[in-house]
Amino acid sequence: MVQRSTIYSDEKLIKKLLEDKDLTIEDALDNEMVINMGPQHPATHGVLRLVLRLDGETVLSALPELGYLHRGYEKMAEDMSYIEFIPHTDRLDYTGTMCNNVAYVLAVEKLLGIEAPKRAQYIRMMIAELSRLTAHMVAIGTYAMDVGAVTMVMWTFREREKIQEIFDRLAGARFTTSYTRIGGVASDADSVTIKMVRDFLDQFHSALDEMDKLLLGNKIFIDRLEGIGVLSKEDAIALGITGPNLRASGVAYDIRRAKPYLFYNEMDFNIPTYTDGDCLARYWLRGDEVRESVKILYQILDKLPQGEILANEPKHTLAHKAEIYTKMEELIHDFMIINYGINPPVGDVFFSAENPKGELGFYIVSNGSGHPWKMKIRSPSFCNLQSIAQLCKGAMISDVIAIIGSLDPVMGEADK
Amino acid sequence: MEMKETIVEKLKKNFGDTVQDVTDFRNELSITIASNKIVDVAKFLKEDPELEFVMCKDVTAIDWATRKNRFTVVYHVYSFKNNYFLRLKSNIVEETPVIDSVTSIWPSANWYERETFDMYGIVFNNHPDLRRMYMPEGFQYHPLRKDFPVLGIPGSLPLPEKI
Amino acid sequence: MGLEAKLQQDGFVTTTIDAIIAWARKSSVWPMPMGISCCAIEMIAAADPKYDLARFGSEVMRFTPRQCDLMIVAGTVTYKMAQVVRRIYDQMPEPKWVIAMGACTSSGGMYRSYSVVQGIDQFLPVDVYTAGCPPRPENLINAVMTIQKKISKTRARDFQDQPMINPVISNN
């Protein structure tokens, strides 16, 4: 039996933190100290741990330590069928659950080579955009709270609750929805749901304007964030940053535009970009994205076609429960799919979708059986967090909070 | 279609036998490279003015369990210029799971390679900071290897005493 | 003027010390939000305007364990995190209570894997288990009310001889 202290030791971490080639013994560091921040800290958005080496109030170097929420998704995925994994995708980026559902089933459908009906794809697009709103509401609210504006989180959660009521009606769960299915979606969006979405959007504009008034004209808030944590365009690309953080650094890269999936190529929307690359730009960009999502949602509601919500692929798609109970053919297929899986062809695919945090990718290797041989989740938060060490270097210790909040990591998907 | 041919042609011209295999599944190009040349190929892909694969999106590995070359290291790279996405693969043997690090070419590979080291025990040469990513420092196993049980090995991760 | 006349004039209540201390304790439970994963978002939702945990005197979320008497463990606890959870629990002053919020915390839930602790009762004394993945905010409020019921049955001398803060923080 190995000692607990040796397994959970920080020896290598501290050694890495203290090695710095730029500093020599002649640099008299009067107030040097090492402090630990997290994993239990109100501003770390979960269980991120940072170890900071300080000179007075200036950060000399910062090292993030992950793994406090490592749940072993990739190992569990190898042990379960493709359909069984859908509920697990909810809990990756748990602020915007539907986006993950959509990205995962699209990856499996790409592997299978099938396509969902048009109505299902439109519903998927609708829930993905609604989910983007919920994620950005959490991001904006908690970020404002991190830097001292507590009112904001109450307002954003008030709006978020309204979206979750829509999810509650649509999927039967307000938070962990597991709504999509391979080849379609679980249930149809009826006229009441559509009306709920439209009513929500109609009143959302004034709520957004209210939020803007609260923070964007606030001198304290702007002074606190302007010029903090600047990430240049080149660094952002080199470090593999995606999503809002990349666009805030001036790269207009959005997968919805670069490699359109679903029906995003039929939608009219802008990709907001900023060139500053600082915390304030990242904050503003999320606000702009919310408005673009609202624009897309209106278009989806106007264009929503009628039709089936599940693809006619009996070997790959679970039939509706009512049909399974009454028809023999459907019962047989249901039995085969549940017991043996959907058996995609041998091969590997990488599919990535634009999530609220960035590019969520699924790399699935299939050996022809009902279980994935390997599933790699390319989580955006993990990649975005990689820039923390660079951004924190030379910043003041109070700015570290602002930098973490502006990158908006969710540890559920960063640690997997 | 054009882009695919350009990439394969350029790689074959410059590296010859290093390019071991080219596959195309679901319109995604995968190129298998000899493991000792991975840094050279990466450098070429990044710096060639026509290709410019500047972003490394992902590094991972596959454990094939029974094959002679047990591990395959997989790189996903992206070119903004061509809006093109490419997969590189490299097979390594079980006895010496070692490959050169591409962190000097794509800095984002730093954490991906650490994660791969943590999960598969593949050692990346010349990596600036090869520590475990997720599991505790003193953990002795590599969880994503196929011979590691899903429920873990009892006693390998101790808990605090019960109150 | 006799005592009875004086009391009649000012008004009075008779109670026991135990009852009044328990009443004070249960009406101002300060939670320590040990927000680890998904449940943390629902925990914030429970404190937001719609569900309003403040109605039960528990809206004062304090992120330092020294000021809290209720620990809400919200989210999957991994082996690596268990050391931290226990360390924070040790720093809370007595008397203290624990809510295991959600399926992962109570039993490991859907995570039957190498890195997830199959139930935090393996290293923490849990008072209330909450079902759901994650529990709806109503369910969390129910858990807080259950804790309040439990507190109202305690007596002051139950905690008399215990030190305020556990001096030993175990490390190995």
# chains A, B, ... in the order shown; residues from 1 in each chain; ligands from 1
$ interface_residues --of "chain C" --to "chain B" --cutoff "7 Å" --atoms "only C-alpha atoms" --output "list of chain:residue names"
C:Tyr79, C:Lys80, C:Ala82, C:Gln83, C:Arg112, C:Ser113, C:Tyr114, C:Gln122, C:Phe123, C:Leu124, C:Pro125
$ residues_around --residues "Ile271 (chain A)" --least-positions-apart "3" --cutoff "9 Å" --atoms "only C-alpha atoms" --output "list in words"
Arg247, Ala252, Tyr253, Asp254, Arg257, Asp288, Glu289 and Glu292 of chain A
$ write_last_selection --atoms "N, CA and C atoms" --output "PDB file, in the first residue's frame"
ATOM      1  N   ARG A 247     -12.043  34.602 -31.131  1.00  0.00           N
ATOM      2  CA  ARG A 247     -12.627  35.702 -31.894  1.00  0.00           C
ATOM      3  C   ARG A 247     -12.356  37.048 -31.222  1.00  0.00           C
ATOM      4  N   ALA A 252     -11.617  35.653 -37.141  1.00  0.00           N
ATOM      5  CA  ALA A 252     -13.046  35.411 -37.375  1.00  0.00           C
ATOM      6  C   ALA A 252     -13.254  33.954 -37.754  1.00  0.00           C
ATOM      7  N   TYR A 253     -13.023  33.065 -36.814  1.00  0.00           N
ATOM      8  CA  TYR A 253     -13.147  31.636 -37.104  1.00  0.00           C
ATOM      9  C   TYR A 253     -14.302  31.064 -36.300  1.00  0.00           C
ATOM     10  N   ASP A 254     -15.303  30.623 -37.013  1.00  0.00           N
ATOM     11  CA  ASP A 254     -16.476  30.033 -36.378  1.00  0.00           C
ATOM     12  C   ASP A 254     -16.844  28.820 -37.206  1.00  0.00           C
ATOM     13  N   ARG A 257     -19.599  28.764 -39.641  1.00  0.00           N
ATOM     14  CA  ARG A 257     -19.372  29.397 -40.931  1.00  0.00           C
ATOM     15  C   ARG A 257     -18.297  28.662 -41.729  1.00  0.00           C
ATOM     16  N   ASP A 288     -22.291  40.107 -27.627  1.00  0.00           N
ATOM     17  CA  ASP A 288     -22.650  40.186 -29.045  1.00  0.00           C
ATOM     18  C   ASP A 288     -23.144  38.853 -29.572  1.00  0.00           C
ATOM     19  N   GLU A 289     -22.485  37.772 -29.114  1.00  0.00           N
ATOM     20  CA  GLU A 289     -22.882  36.439 -29.590  1.00  0.00           C
ATOM     21  C   GLU A 289     -24.293  36.105 -29.173  1.00  0.00           C
ATOM     22  N   GLU A 292     -26.525  37.631 -31.650  1.00  0.00           N
ATOM     23  CA  GLU A 292     -26.528  36.885 -32.914  1.00  0.00           C
ATOM     24  C   GLU A 292     -27.362  35.615 -32.784  1.00  0.00           C
TER      25      GLU A 292
END
$ residues_around --residues "region 88-101 of chain C" --least-positions-apart "4" --cutoff "6 Å" --atoms "only C-alpha atoms" --output "ChimeraX atom specification"
/C:65-66,69-74,105-106,126-130,164-166
$ write_last_selection --atoms "C-alpha atoms" --output "PDB file, in the first residue's frame"
ATOM      1  CA  PRO C  65     -15.233  26.849   5.685  1.00  0.00           C
ATOM      2  CA  ARG C  66     -14.589  28.707   8.941  1.00  0.00           C
ATOM      3  CA  ASP C  69     -22.117  25.014   9.455  1.00  0.00           C
ATOM      4  CA  LEU C  70     -23.584  23.157   6.481  1.00  0.00           C
ATOM      5  CA  MET C  71     -21.530  21.664   3.700  1.00  0.00           C
ATOM      6  CA  ILE C  72     -23.365  21.074   0.418  1.00  0.00           C
ATOM      7  CA  VAL C  73     -21.183  18.718  -1.592  1.00  0.00           C
ATOM      8  CA  ALA C  74     -22.500  19.405  -5.080  1.00  0.00           C
ATOM      9  CA  THR C 105     -22.046  12.380  -4.458  1.00  0.00           C
ATOM     10  CA  SER C 106     -24.380   9.904  -2.806  1.00  0.00           C
ATOM     11  CA  VAL C 126     -23.472  12.507   5.527  1.00  0.00           C
ATOM     12  CA  ASP C 127     -26.741  13.749   7.043  1.00  0.00           C
ATOM     13  CA  VAL C 128     -29.008  14.079   4.018  1.00  0.00           C
ATOM     14  CA  TYR C 129     -28.770  12.405   0.609  1.00  0.00           C
ATOM     15  CA  THR C 130     -30.491  14.168  -2.268  1.00  0.00           C
ATOM     16  CA  MET C 164     -14.814  24.115  18.023  1.00  0.00           C
ATOM     17  CA  ILE C 165     -12.377  23.343  15.236  1.00  0.00           C
ATOM     18  CA  ASN C 166     -10.780  20.003  14.695  1.00  0.00           C
TER      19      ASN C 166
END
$ interface_residues --of "chain A" --to "chain B" --cutoff "8 Å" --atoms "only C-alpha atoms" --output "PDB file with C-alpha atoms, in the first residue's frame"
ATOM      1  CA  MET A   1       0.000   0.000   0.000  1.00  0.00           C
ATOM      2  CA  VAL A   2       1.485   3.311  -1.045  1.00  0.00           C
ATOM      3  CA  ARG A   4      -1.380   8.849   0.555  1.00  0.00           C
ATOM      4  CA  THR A   6       3.305  10.197  -1.969  1.00  0.00           C
ATOM      5  CA  ILE A   7       0.439   9.591  -4.376  1.00  0.00           C
ATOM      6  CA  TYR A   8      -1.085  13.034  -3.965  1.00  0.00           C
ATOM      7  CA  SER A   9       2.203  14.929  -3.753  1.00  0.00           C
ATOM      8  CA  ASP A  10       2.920  18.289  -5.355  1.00  0.00           C
ATOM      9  CA  LYS A  12       6.990  17.973  -9.373  1.00  0.00           C
ATOM     10  CA  LYS A  16       8.339  23.138 -12.270  1.00  0.00           C
ATOM     11  CA  GLU A  65      -3.268  21.911 -12.076  1.00  0.00           C
ATOM     12  CA  LEU A  66      -6.191  19.957 -13.453  1.00  0.00           C
ATOM     13  CA  GLY A  67      -7.758  16.596 -12.790  1.00  0.00           C
ATOM     14  CA  TYR A  68      -9.877  17.320  -9.737  1.00  0.00           C
ATOM     15  CA  HIS A  70     -11.462  13.777 -13.969  1.00  0.00           C
ATOM     16  CA  GLU A  74     -13.080   8.278 -22.415  1.00  0.00           C
ATOM     17  CA  LYS A  75     -12.575   5.025 -20.547  1.00  0.00           C
ATOM     18  CA  MET A  76     -16.277   4.658 -19.805  1.00  0.00           C
ATOM     19  CA  ASP A  79     -17.328   0.256 -22.257  1.00  0.00           C
ATOM     20  CA  LYS A 110     -21.000  11.160 -39.570  1.00  0.00           C
ATOM     21  CA  LEU A 111     -19.417   7.846 -38.642  1.00  0.00           C
ATOM     22  CA  GLY A 113     -23.053   8.035 -42.805  1.00  0.00           C
ATOM     23  CA  ILE A 237      -3.668  30.375 -32.761  1.00  0.00           C
ATOM     24  CA  ALA A 238      -0.443  28.826 -31.510  1.00  0.00           C
ATOM     25  CA  LEU A 239      -2.048  27.851 -28.211  1.00  0.00           C
ATOM     26  CA  GLY A 240      -5.041  26.268 -29.914  1.00  0.00           C
ATOM     27  CA  ALA A 258     -16.108  27.607 -41.767  1.00  0.00           C
ATOM     28  CA  GLY A 347     -12.988   3.661 -39.493  1.00  0.00           C
ATOM     29  CA  ASP A 348     -12.373   6.848 -37.597  1.00  0.00           C
ATOM     30  CA  VAL A 349     -13.995  10.274 -37.804  1.00  0.00           C
ATOM     31  CA  LYS A 374     -11.759   4.735 -28.700  1.00  0.00           C
ATOM     32  CA  LYS A 376     -11.451  11.167 -27.655  1.00  0.00           C
ATOM     33  CA  ARG A 378     -11.488  17.459 -27.715  1.00  0.00           C
ATOM     34  CA  CYS A 383      -7.432  23.993 -24.693  1.00  0.00           C
ATOM     35  CA  GLN A 386      -3.662  26.329 -21.645  1.00  0.00           C
ATOM     36  CA  ASP A 415     -11.114  17.453 -16.898  1.00  0.00           C
TER      37      ASP A 415
END
$ select_by_dssp --residues "region 205-383 of chain A" --states "alpha helix (DSSP H)" --output "JSON, numbers by chain"
{"A": [205, 206, 207, 208, 209, 210, 211, 212, 213, 214, 215, 219, 220, 221, 222, 223, 224, 225, 233, 234, 235, 236, 237, 238, 244, 245, 246, 247, 255, 256, 257, 258, 279, 280, 281, 282, 283, 284, 285, 286, 287, 288, 289, 290, 291, 292, 293, 294, 295, 296, 297, 298, 299, 300, 301, 302, 303, 321, 322, 323, 324, 325, 326, 328, 329, 330, 331, 332, 333, 334, 335, 336, 337, 338, 339, 340, 380, 381, 382, 383]}
$ closest_residue --among "B:Asp118, B:Asp40, B:Glu94, B:Glu2" --to "Asn14 (chain B)" --atoms "only C-alpha atoms"
B:Asp40
$ select_by_dssp --residues "chain C" --states "strand (DSSP E or B)" --output "number ranges by chain"
C: 31-35, 70-74, 78, 97-101, 116, 128-130
$ residues_around --residues "Ser152 (chain C)" --least-positions-apart "6" --cutoff "8 Å" --atoms "only C-alpha atoms" --output "short mmCIF file (atom, residue, chain, number, x, y, z; two decimals) with C-alpha atoms, in the first residue's frame"
data_model
loop_
_atom_site.label_atom_id
_atom_site.label_comp_id
_atom_site.auth_asym_id
_atom_site.auth_seq_id
_atom_site.Cartn_x
_atom_site.Cartn_y
_atom_site.Cartn_z
CA ALA C 19 -35.02 24.65 22.27
CA ALA C 22 -31.75 24.79 18.29
CA TRP C 23 -34.26 27.30 16.90
CA ARG C 25 -29.25 27.34 14.75
CA LYS C 26 -31.82 25.96 12.36
#
$ residues_around --residues "Gln40 (chain A)" --least-positions-apart "6" --cutoff "9 Å" --atoms "only C-alpha atoms" --output "count of residues only"
11
$ atom_distance --atom1 "CA of Glu9 (chain B)" --atom2 "CA of Val365 (chain A)"
26.3 Å
$ closest_atom_pairs --of "chain C" --to "chain A" --cutoff "6 Å" --atoms "only C-alpha atoms" --output "JSON lines"
{"residue": "C:Ile36", "atom": "CA", "partner": "A:Gly46", "partner_atom": "CA", "distance": 5.3}
{"residue": "C:Cys38", "atom": "CA", "partner": "A:Tyr94", "partner_atom": "CA", "distance": 5.5}
{"residue": "C:Asp48", "atom": "CA", "partner": "A:Met154", "partner_atom": "CA", "distance": 5.8}
{"residue": "C:Lys80", "atom": "CA", "partner": "A:Tyr68", "partner_atom": "CA", "distance": 5.6}
{"residue": "C:Met81", "atom": "CA", "partner": "A:Tyr68", "partner_atom": "CA", "distance": 5.1}
{"residue": "C:Ser115", "atom": "CA", "partner": "A:Arg71", "partner_atom": "CA", "distance": 5.8}
{"residue": "C:Val116", "atom": "CA", "partner": "A:Arg71", "partner_atom": "CA", "distance": 6.0}
{"residue": "C:Asn172", "atom": "CA", "partner": "A:Arg4", "partner_atom": "CA", "distance": 5.0}
$ write_last_selection --atoms "N, CA and C atoms" --output "compact mmCIF listing (two decimals), in the first residue's frame"
# COMPACT_ATOMS: atom_id res chain seq x y z
N ILE C 36 -18.66 21.41 -7.15
CA ILE C 36 -17.64 20.72 -7.91
C ILE C 36 -18.01 20.61 -9.38
N CYS C 38 -21.73 19.76 -12.15
CA CYS C 38 -23.04 20.19 -12.66
C CYS C 38 -23.98 20.67 -11.55
N ASP C 48 -31.24 31.69 -6.67
CA ASP C 48 -31.61 32.80 -7.56
C ASP C 48 -33.05 33.25 -7.31
N LYS C 80 -8.93 12.36 -6.26
CA LYS C 80 -8.02 13.49 -6.07
C LYS C 80 -8.72 14.61 -5.30
N MET C 81 -10.01 14.80 -5.58
CA MET C 81 -10.76 15.86 -4.91
C MET C 81 -11.13 15.48 -3.49
N SER C 115 -11.78 6.72 -11.35
CA SER C 115 -11.34 7.91 -10.63
C SER C 115 -12.42 8.50 -9.74
N VAL C 116 -13.64 7.93 -9.76
CA VAL C 116 -14.74 8.54 -9.01
C VAL C 116 -15.00 7.76 -7.72
N ASN C 172 -1.90 12.15 5.77
CA ASN C 172 -1.46 10.94 5.06
C ASN C 172 -2.16 9.70 5.57
$ atom_distance --atom1 "CA of Phe269 (chain A)" --atom2 "CA of Ile296 (chain A)"
6.6 Å
$ atom_distance --atom1 "CA of Trp284 (chain A)" --atom2 "CA of Arg62 (chain C)"
29.4 Å
